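These notes are about the structure you will find just below.
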Amino acid sequence: MSATPNDLVHELLAESVLAWRVAARVEREGADALVIAGAKDIRIACAPPHVPFRWTVTIDGRTRPAISLVAVLRQVREALDPSYAANRVRIAVAPLVPS
Amino acid sequence: MGADAIPVSVLTGFLGSGKTTMLRHLLRQPEFSRTAVIINEFGEVGLDHELIEASEDSFIELQTGCLCCKIRSDLSQTLADLLRRRDEGRCTPFDRIVIETSGLADPAPILQTLMTDAAIAGRLVLGGVVTTVDAVNAMGTLEREGISQKQVAVADRIVLTKLDLAGSEKPALLNRLEAFNAGAPVLIADHGRVDSSLVFNSGLYDPQTKSADVNAWLAEEAHAHARHDAIKTFAIVRQEPIPAVALTLFLEALAEHCGADILRLKGIVNIAESPDRPAVIHGVQHVFHPPAWLHHWPSDDRRSRIVFITRRVPQRWVEVLLEAIGDEVADVQVMHQLQSQRPS
């Protein structure tokens, strides 16, 4: 279930850093990872194959899985933005299709 | 949402901008005879309700504080009580509710209450936001008062008042209003008199016709780059249908990362699982209304179009967020398909 940190993911992280107004720089590290240099060192990589998540996020040496890009963004924001109060909203677009 | 859902319109505008004067005029019109009014005043002694002639039992004054910050639960309770009295025939029948906020109210929490409170959400539908703007003082007020900016930014209709006193400031003021909210039509009130048919007809979703005022508010798309230093309006447009789960994740990420800065979001979305029935979405800050499903597309244009009124949220971030989430969802769907085709 692995992903690829392609140009779009790179741009998303770069734009996210701008949107959150935190000082950080997003760069590629080979074909399979992105690194973010800011208040903490962050490495985002594809998860190994055959695991039930898509990404790994390593923050100052500690690696955690992330099931989706939304989860990646949450972990990165928590690491970089001390003023961020994680608001774990859940929006049910229900019904998903018209009844 | 039931077909008999009652539209609730929010009448807002800064202190002294003519809300009560206009409402007093509107309530004299025959088409507003079945209107219940909730009025909120900020201060020890409320006066506005004294200025409005309306049936006493369909008129409620909330005086315990500013509607937006102190008495959201009171508003919810008041609306629930009003509906109960209507059901039991204990008040004059009404088929519309108008909430007049105090001049210092942030309208966003009020809209959120209307959209989310379980006791009332199923029976009420947001009928739109009307903001009065005093042509004499608005330039200064908009410069100084963030609340005033927000009241204008979230409006579906803007009503200019006191133009007779405003001298030559009108063109500059119109430019200023466009910078905050290019999409809302600007109406003129003459001593409170305004074309009543145009004021409260801005409902995002009409439960009677199951249609939306889509064309009106999508006109904002044409002005999608109107800008102010802090408040920006933009639209994102997608040709390809959006999977329902991608839309859910997108809205969730928006709310999580910049909820407070999304003053309003309105859109018509081509959901991949429902190509013939578009979804109308609507959000205020971190709260999103469940989508309303139209019976059919309002025109041949089947693109998803979402209009944002935000405070310092970069447009490109929103575009890339939707694109990246859409890609990820598509990628996962392909992988699941491949896995299901693989022999076990």
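By convention in this document, the chains of the structure tokens carry letters A, B, ... by their order, each chain's residues are numbered from 1, and ligands are numbered from 1 in the order they are shown.
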Region 3-29 of chain A residues near region 315-329 of chain B within 7 Å, closest pair each, using only C-alpha atoms, as a tab-separated table:
```
residue	atom	partner	partner_atom	distance
A:Leu8	CA	B:Ala324	CA	6.2
A:Val9	CA	B:Ala324	CA	6.4
A:Leu12	CA	B:Val320	CA	5.6
A:Glu15	CA	B:Trp317	CA	5.2
A:Ser16	CA	B:Trp317	CA	6.2
A:Ala19	CA	B:Trp317	CA	6.8
```
C-alpha atoms of the current selection, written as a JSON list (two decimals), in the first residue's frame:
```json
[["chain", "number", "residue", "atom", "x", "y", "z"],
["A", 8, "LEU", "CA", 2.70, 16.93, -6.13],
["A", 9, "VAL", "CA", 3.43, 15.73, -2.60],
["A", 12, "LEU", "CA", 1.86, 20.12, -1.07],
["A", 15, "GLU", "CA", 2.78, 25.04, 0.21],
["A", 16, "SER", "CA", 1.65, 23.73, 3.60],
["A", 19, "ALA", "CA", 0.19, 28.30, 4.65]]
```
Go through chain B and flag each residue having an atom no more than 7 Å from chain A; for those, report the closest pair of atoms plus their distance in Å to one decimal, using only C-alpha atoms, ordered by chain and rising number, as JSON lines.
```
{"residue": "B:Ala244", "atom": "CA", "partner": "A:Leu96", "partner_atom": "CA", "distance": 5.9}
{"residue": "B:Thr248", "atom": "CA", "partner": "A:Val93", "partner_atom": "CA", "distance": 5.8}
{"residue": "B:Glu252", "atom": "CA", "partner": "A:Ile91", "partner_atom": "CA", "distance": 5.8}
{"residue": "B:Ala253", "atom": "CA", "partner": "A:Val70", "partner_atom": "CA", "distance": 6.3}
{"residue": "B:Glu256", "atom": "CA", "partner": "A:Asn87", "partner_atom": "CA", "distance": 5.5}
{"residue": "B:Glu273", "atom": "CA", "partner": "A:Val97", "partner_atom": "CA", "distance": 6.5}
{"residue": "B:Ser274", "atom": "CA", "partner": "A:Val97", "partner_atom": "CA", "distance": 6.2}
{"residue": "B:Pro290", "atom": "CA", "partner": "A:Val93", "partner_atom": "CA", "distance": 5.8}
{"residue": "B:Pro291", "atom": "CA", "partner": "A:Val93", "partner_atom": "CA", "distance": 6.7}
{"residue": "B:Trp293", "atom": "CA", "partner": "A:Pro98", "partner_atom": "CA", "distance": 6.1}
{"residue": "B:Val313", "atom": "CA", "partner": "A:Ala19", "partner_atom": "CA", "distance": 6.3}
{"residue": "B:Pro314", "atom": "CA", "partner": "A:Ala19", "partner_atom": "CA", "distance": 6.1}
{"residue": "B:Trp317", "atom": "CA", "partner": "A:Glu15", "partner_atom": "CA", "distance": 5.2}
{"residue": "B:Val320", "atom": "CA", "partner": "A:Leu12", "partner_atom": "CA", "distance": 5.6}
{"residue": "B:Leu321", "atom": "CA", "partner": "A:Leu12", "partner_atom": "CA", "distance": 6.2}
{"residue": "B:Ala324", "atom": "CA", "partner": "A:Leu8", "partner_atom": "CA", "distance": 6.2}
{"residue": "B:Ile325", "atom": "CA", "partner": "A:Leu69", "partner_atom": "CA", "distance": 6.9}
```
Problem set entry | Who sits within 7 Å of Asp32 (chain A), only C-alpha atoms, same chain under 2 positions skipped, as a list of chain:residue names |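 The contact residues come out as A:Thr4, A:Pro5, A:Glu29, A:Gly30, A:Ala45, A:Cys46.
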Problem set entry | Residue nearest Val76 (chain A) - candidates A:Ile42, A:Pro48, A:Trp55, A:Leu34, atoms counted: only C-alpha atoms |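 Using only C-alpha atoms, Val76 (chain A) sits closest to A:Ile42.
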Exercise. Quick one: distance from CA of Trp297 (chain B) to CA of Ile271 (chain B) in Å, one decimal?
Worked result: 11.9 Å
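The residue that comes closest to Leu126 (chain B), out of B:Ala182, B:Leu174, B:Leu338, B:Ala5 and on the basis of only C-alpha atoms, is B:Ala5.
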Exercise. Just asking: which residues within region 3-88 of chain A are alpha helix (DSSP H) according to DSSP, as JSON, numbers by chain?
Worked result: {"A": [7, 8, 9, 10, 11, 12, 13, 14, 15, 16, 17, 18, 19, 20, 69, 70, 71, 72, 73, 74, 75, 76, 77, 78, 79, 80]}
Given the selection you just returned, output its residues as a file containing N, CA and C atoms, formatted as a PDB file, in the first residue's frame.
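And here is the file that came out, out_7.pdb:
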```
ATOM      1  N   ASP A   7       6.185  14.895  -7.259  1.00  0.00           N
ATOM      2  CA  ASP A   7       6.264  16.359  -7.274  1.00  0.00           C
ATOM      3  C   ASP A   7       5.067  17.001  -6.582  1.00  0.00           C
ATOM      4  N   LEU A   8       3.911  16.362  -6.728  1.00  0.00           N
ATOM      5  CA  LEU A   8       2.701  16.935  -6.129  1.00  0.00           C
ATOM      6  C   LEU A   8       2.783  16.919  -4.598  1.00  0.00           C
ATOM      7  N   VAL A   9       3.281  15.819  -4.065  1.00  0.00           N
ATOM      8  CA  VAL A   9       3.430  15.726  -2.603  1.00  0.00           C
ATOM      9  C   VAL A   9       4.479  16.734  -2.129  1.00  0.00           C
ATOM     10  N   HIS A  10       5.551  16.851  -2.902  1.00  0.00           N
ATOM     11  CA  HIS A  10       6.584  17.844  -2.589  1.00  0.00           C
ATOM     12  C   HIS A  10       5.967  19.243  -2.543  1.00  0.00           C
ATOM     13  N   GLU A  11       5.202  19.555  -3.564  1.00  0.00           N
ATOM     14  CA  GLU A  11       4.587  20.890  -3.611  1.00  0.00           C
ATOM     15  C   GLU A  11       3.586  21.078  -2.463  1.00  0.00           C
ATOM     16  N   LEU A  12       2.833  20.009  -2.169  1.00  0.00           N
ATOM     17  CA  LEU A  12       1.859  20.123  -1.074  1.00  0.00           C
ATOM     18  C   LEU A  12       2.560  20.474   0.244  1.00  0.00           C
ATOM     19  N   LEU A  13       3.664  19.791   0.509  1.00  0.00           N
ATOM     20  CA  LEU A  13       4.361  20.074   1.772  1.00  0.00           C
ATOM     21  C   LEU A  13       4.965  21.478   1.759  1.00  0.00           C
ATOM     22  N   ALA A  14       5.520  21.867   0.616  1.00  0.00           N
ATOM     23  CA  ALA A  14       6.095  23.216   0.532  1.00  0.00           C
ATOM     24  C   ALA A  14       5.019  24.282   0.710  1.00  0.00           C
ATOM     25  N   GLU A  15       3.886  24.074   0.077  1.00  0.00           N
ATOM     26  CA  GLU A  15       2.784  25.038   0.213  1.00  0.00           C
ATOM     27  C   GLU A  15       2.200  25.019   1.626  1.00  0.00           C
ATOM     28  N   SER A  16       2.197  23.837   2.244  1.00  0.00           N
ATOM     29  CA  SER A  16       1.654  23.730   3.599  1.00  0.00           C
ATOM     30  C   SER A  16       2.489  24.543   4.576  1.00  0.00           C
ATOM     31  N   VAL A  17       3.794  24.447   4.415  1.00  0.00           N
ATOM     32  CA  VAL A  17       4.692  25.206   5.295  1.00  0.00           C
ATOM     33  C   VAL A  17       4.413  26.706   5.155  1.00  0.00           C
ATOM     34  N   LEU A  18       4.189  27.136   3.909  1.00  0.00           N
ATOM     35  CA  LEU A  18       3.855  28.556   3.684  1.00  0.00           C
ATOM     36  C   LEU A  18       2.513  28.899   4.321  1.00  0.00           C
ATOM     37  N   ALA A  19       1.530  28.021   4.122  1.00  0.00           N
ATOM     38  CA  ALA A  19       0.187  28.299   4.648  1.00  0.00           C
ATOM     39  C   ALA A  19       0.190  28.382   6.171  1.00  0.00           C
ATOM     40  N   TRP A  20       1.018  27.565   6.785  1.00  0.00           N
ATOM     41  CA  TRP A  20       1.060  27.573   8.262  1.00  0.00           C
ATOM     42  C   TRP A  20       1.952  28.681   8.801  1.00  0.00           C
ATOM     43  N   LEU A  69      -1.979  11.103   3.328  1.00  0.00           N
ATOM     44  CA  LEU A  69      -1.351  12.423   3.296  1.00  0.00           C
ATOM     45  C   LEU A  69      -1.919  13.334   4.382  1.00  0.00           C
ATOM     46  N   VAL A  70      -3.198  13.164   4.661  1.00  0.00           N
ATOM     47  CA  VAL A  70      -3.803  13.987   5.711  1.00  0.00           C
ATOM     48  C   VAL A  70      -3.108  13.707   7.044  1.00  0.00           C
ATOM     49  N   ALA A  71      -2.796  12.446   7.285  1.00  0.00           N
ATOM     50  CA  ALA A  71      -2.090  12.091   8.519  1.00  0.00           C
ATOM     51  C   ALA A  71      -0.652  12.620   8.498  1.00  0.00           C
ATOM     52  N   VAL A  72      -0.025  12.584   7.322  1.00  0.00           N
ATOM     53  CA  VAL A  72       1.331  13.145   7.212  1.00  0.00           C
ATOM     54  C   VAL A  72       1.302  14.623   7.574  1.00  0.00           C
ATOM     55  N   LEU A  73       0.366  15.354   7.000  1.00  0.00           N
ATOM     56  CA  LEU A  73       0.283  16.787   7.271  1.00  0.00           C
ATOM     57  C   LEU A  73       0.107  17.050   8.764  1.00  0.00           C
ATOM     58  N   ARG A  74      -0.720  16.235   9.394  1.00  0.00           N
ATOM     59  CA  ARG A  74      -0.973  16.453  10.825  1.00  0.00           C
ATOM     60  C   ARG A  74       0.320  16.273  11.632  1.00  0.00           C
ATOM     61  N   GLN A  75       1.060  15.218  11.317  1.00  0.00           N
ATOM     62  CA  GLN A  75       2.298  14.969  12.075  1.00  0.00           C
ATOM     63  C   GLN A  75       3.325  16.067  11.828  1.00  0.00           C
ATOM     64  N   VAL A  76       3.430  16.491  10.575  1.00  0.00           N
ATOM     65  CA  VAL A  76       4.416  17.522  10.245  1.00  0.00           C
ATOM     66  C   VAL A  76       4.043  18.847  10.932  1.00  0.00           C
ATOM     67  N   ARG A  77       2.774  19.171  10.896  1.00  0.00           N
ATOM     68  CA  ARG A  77       2.347  20.428  11.524  1.00  0.00           C
ATOM     69  C   ARG A  77       2.590  20.405  13.030  1.00  0.00           C
ATOM     70  N   GLU A  78       2.277  19.273  13.642  1.00  0.00           N
ATOM     71  CA  GLU A  78       2.487  19.169  15.095  1.00  0.00           C
ATOM     72  C   GLU A  78       3.968  19.352  15.443  1.00  0.00           C
ATOM     73  N   ALA A  79       4.839  18.891  14.538  1.00  0.00           N
ATOM     74  CA  ALA A  79       6.270  18.998  14.811  1.00  0.00           C
ATOM     75  C   ALA A  79       6.801  20.411  14.591  1.00  0.00           C
ATOM     76  N   LEU A  80       6.250  21.089  13.613  1.00  0.00           N
ATOM     77  CA  LEU A  80       6.842  22.371  13.223  1.00  0.00           C
ATOM     78  C   LEU A  80       6.179  23.585  13.857  1.00  0.00           C
TER      79      LEU A  80
END
```
Problem set entry | Coordinates-based distance that separates CA of Leu254 (chain B) from CA of Ala23 (chain A) (Å, one decimal) |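 So the answer is 20.4 Å.
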Exercise. Could you pull the residues within 7 Å of Ala37 (chain A), counting only C-alpha atoms, minus those fewer than 6 positions along the same chain, as a PyMOL selection string?
Worked result: chain A and resi 24-26
Selected residues written out, C-alpha atoms, as a CSV table (one decimal), in the first residue's frame:
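As written to disk, part_10.csv reads:
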```
chain,number,residue,atom,x,y,z
A,24,ALA,CA,11.0,25.4,7.1
A,25,ARG,CA,12.4,24.2,3.8
A,26,VAL,CA,11.2,21.1,1.9
```
Dump as JSON lines the rows for residues of region 263-314 of chain B within 6 Å of region 232-239 of chain B: closest atom pair and distance in Å with one decimal, only C-alpha atoms counted, ordered by chain and rising residue number.
```
{"residue": "B:Arg303", "atom": "CA", "partner": "B:Gln239", "partner_atom": "CA", "distance": 4.9}
{"residue": "B:Ser304", "atom": "CA", "partner": "B:Arg238", "partner_atom": "CA", "distance": 5.1}
{"residue": "B:Arg305", "atom": "CA", "partner": "B:Val237", "partner_atom": "CA", "distance": 4.6}
{"residue": "B:Ile306", "atom": "CA", "partner": "B:Ile236", "partner_atom": "CA", "distance": 5.4}
{"residue": "B:Val307", "atom": "CA", "partner": "B:Ala235", "partner_atom": "CA", "distance": 4.2}
{"residue": "B:Phe308", "atom": "CA", "partner": "B:Phe234", "partner_atom": "CA", "distance": 5.3}
{"residue": "B:Ile309", "atom": "CA", "partner": "B:Thr233", "partner_atom": "CA", "distance": 4.4}
{"residue": "B:Thr310", "atom": "CA", "partner": "B:Lys232", "partner_atom": "CA", "distance": 5.3}
```
Same residues, N, CA and C atoms, output as a PDB file, in the first residue's frame:
```
ATOM      1  N   ARG B 303     -18.653  20.991 -14.025  1.00  0.00           N
ATOM      2  CA  ARG B 303     -17.406  21.063 -13.267  1.00  0.00           C
ATOM      3  C   ARG B 303     -17.718  21.283 -11.783  1.00  0.00           C
ATOM      4  N   SER B 304     -16.840  20.774 -10.930  1.00  0.00           N
ATOM      5  CA  SER B 304     -16.930  21.115  -9.509  1.00  0.00           C
ATOM      6  C   SER B 304     -16.378  22.524  -9.336  1.00  0.00           C
ATOM      7  N   ARG B 305     -17.110  23.327  -8.630  1.00  0.00           N
ATOM      8  CA  ARG B 305     -16.662  24.715  -8.393  1.00  0.00           C
ATOM      9  C   ARG B 305     -16.879  25.044  -6.923  1.00  0.00           C
ATOM     10  N   ILE B 306     -15.816  25.394  -6.258  1.00  0.00           N
ATOM     11  CA  ILE B 306     -15.897  25.699  -4.825  1.00  0.00           C
ATOM     12  C   ILE B 306     -15.338  27.101  -4.605  1.00  0.00           C
ATOM     13  N   VAL B 307     -16.160  27.946  -4.018  1.00  0.00           N
ATOM     14  CA  VAL B 307     -15.773  29.335  -3.765  1.00  0.00           C
ATOM     15  C   VAL B 307     -15.341  29.457  -2.306  1.00  0.00           C
ATOM     16  N   PHE B 308     -14.198  30.087  -2.100  1.00  0.00           N
ATOM     17  CA  PHE B 308     -13.668  30.272  -0.744  1.00  0.00           C
ATOM     18  C   PHE B 308     -13.599  31.757  -0.411  1.00  0.00           C
ATOM     19  N   ILE B 309     -14.027  32.093   0.778  1.00  0.00           N
ATOM     20  CA  ILE B 309     -13.748  33.421   1.327  1.00  0.00           C
ATOM     21  C   ILE B 309     -12.910  33.158   2.571  1.00  0.00           C
ATOM     22  N   THR B 310     -11.666  33.574   2.517  1.00  0.00           N
ATOM     23  CA  THR B 310     -10.735  33.156   3.568  1.00  0.00           C
ATOM     24  C   THR B 310      -9.962  34.344   4.118  1.00  0.00           C
TER      25      THR B 310
END
```
Exercise. In terms of the shortest atom-to-atom distance over only C-alpha atoms, which of A:Thr58, A:Asp81, A:His50, A:Ala66 is closest to Ala33 (chain A)?
Worked result: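 For Ala33 (chain A), the nearest of the given residues is A:Thr58.
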For this session: Figure out the distance between CA of Met115 (chain B) and CA of Ala279 (chain B), please, to one decimal in Å.
Result: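 Separation between CA of Ala279 (chain B) and CA of Met115 (chain B): 16.1 Å.
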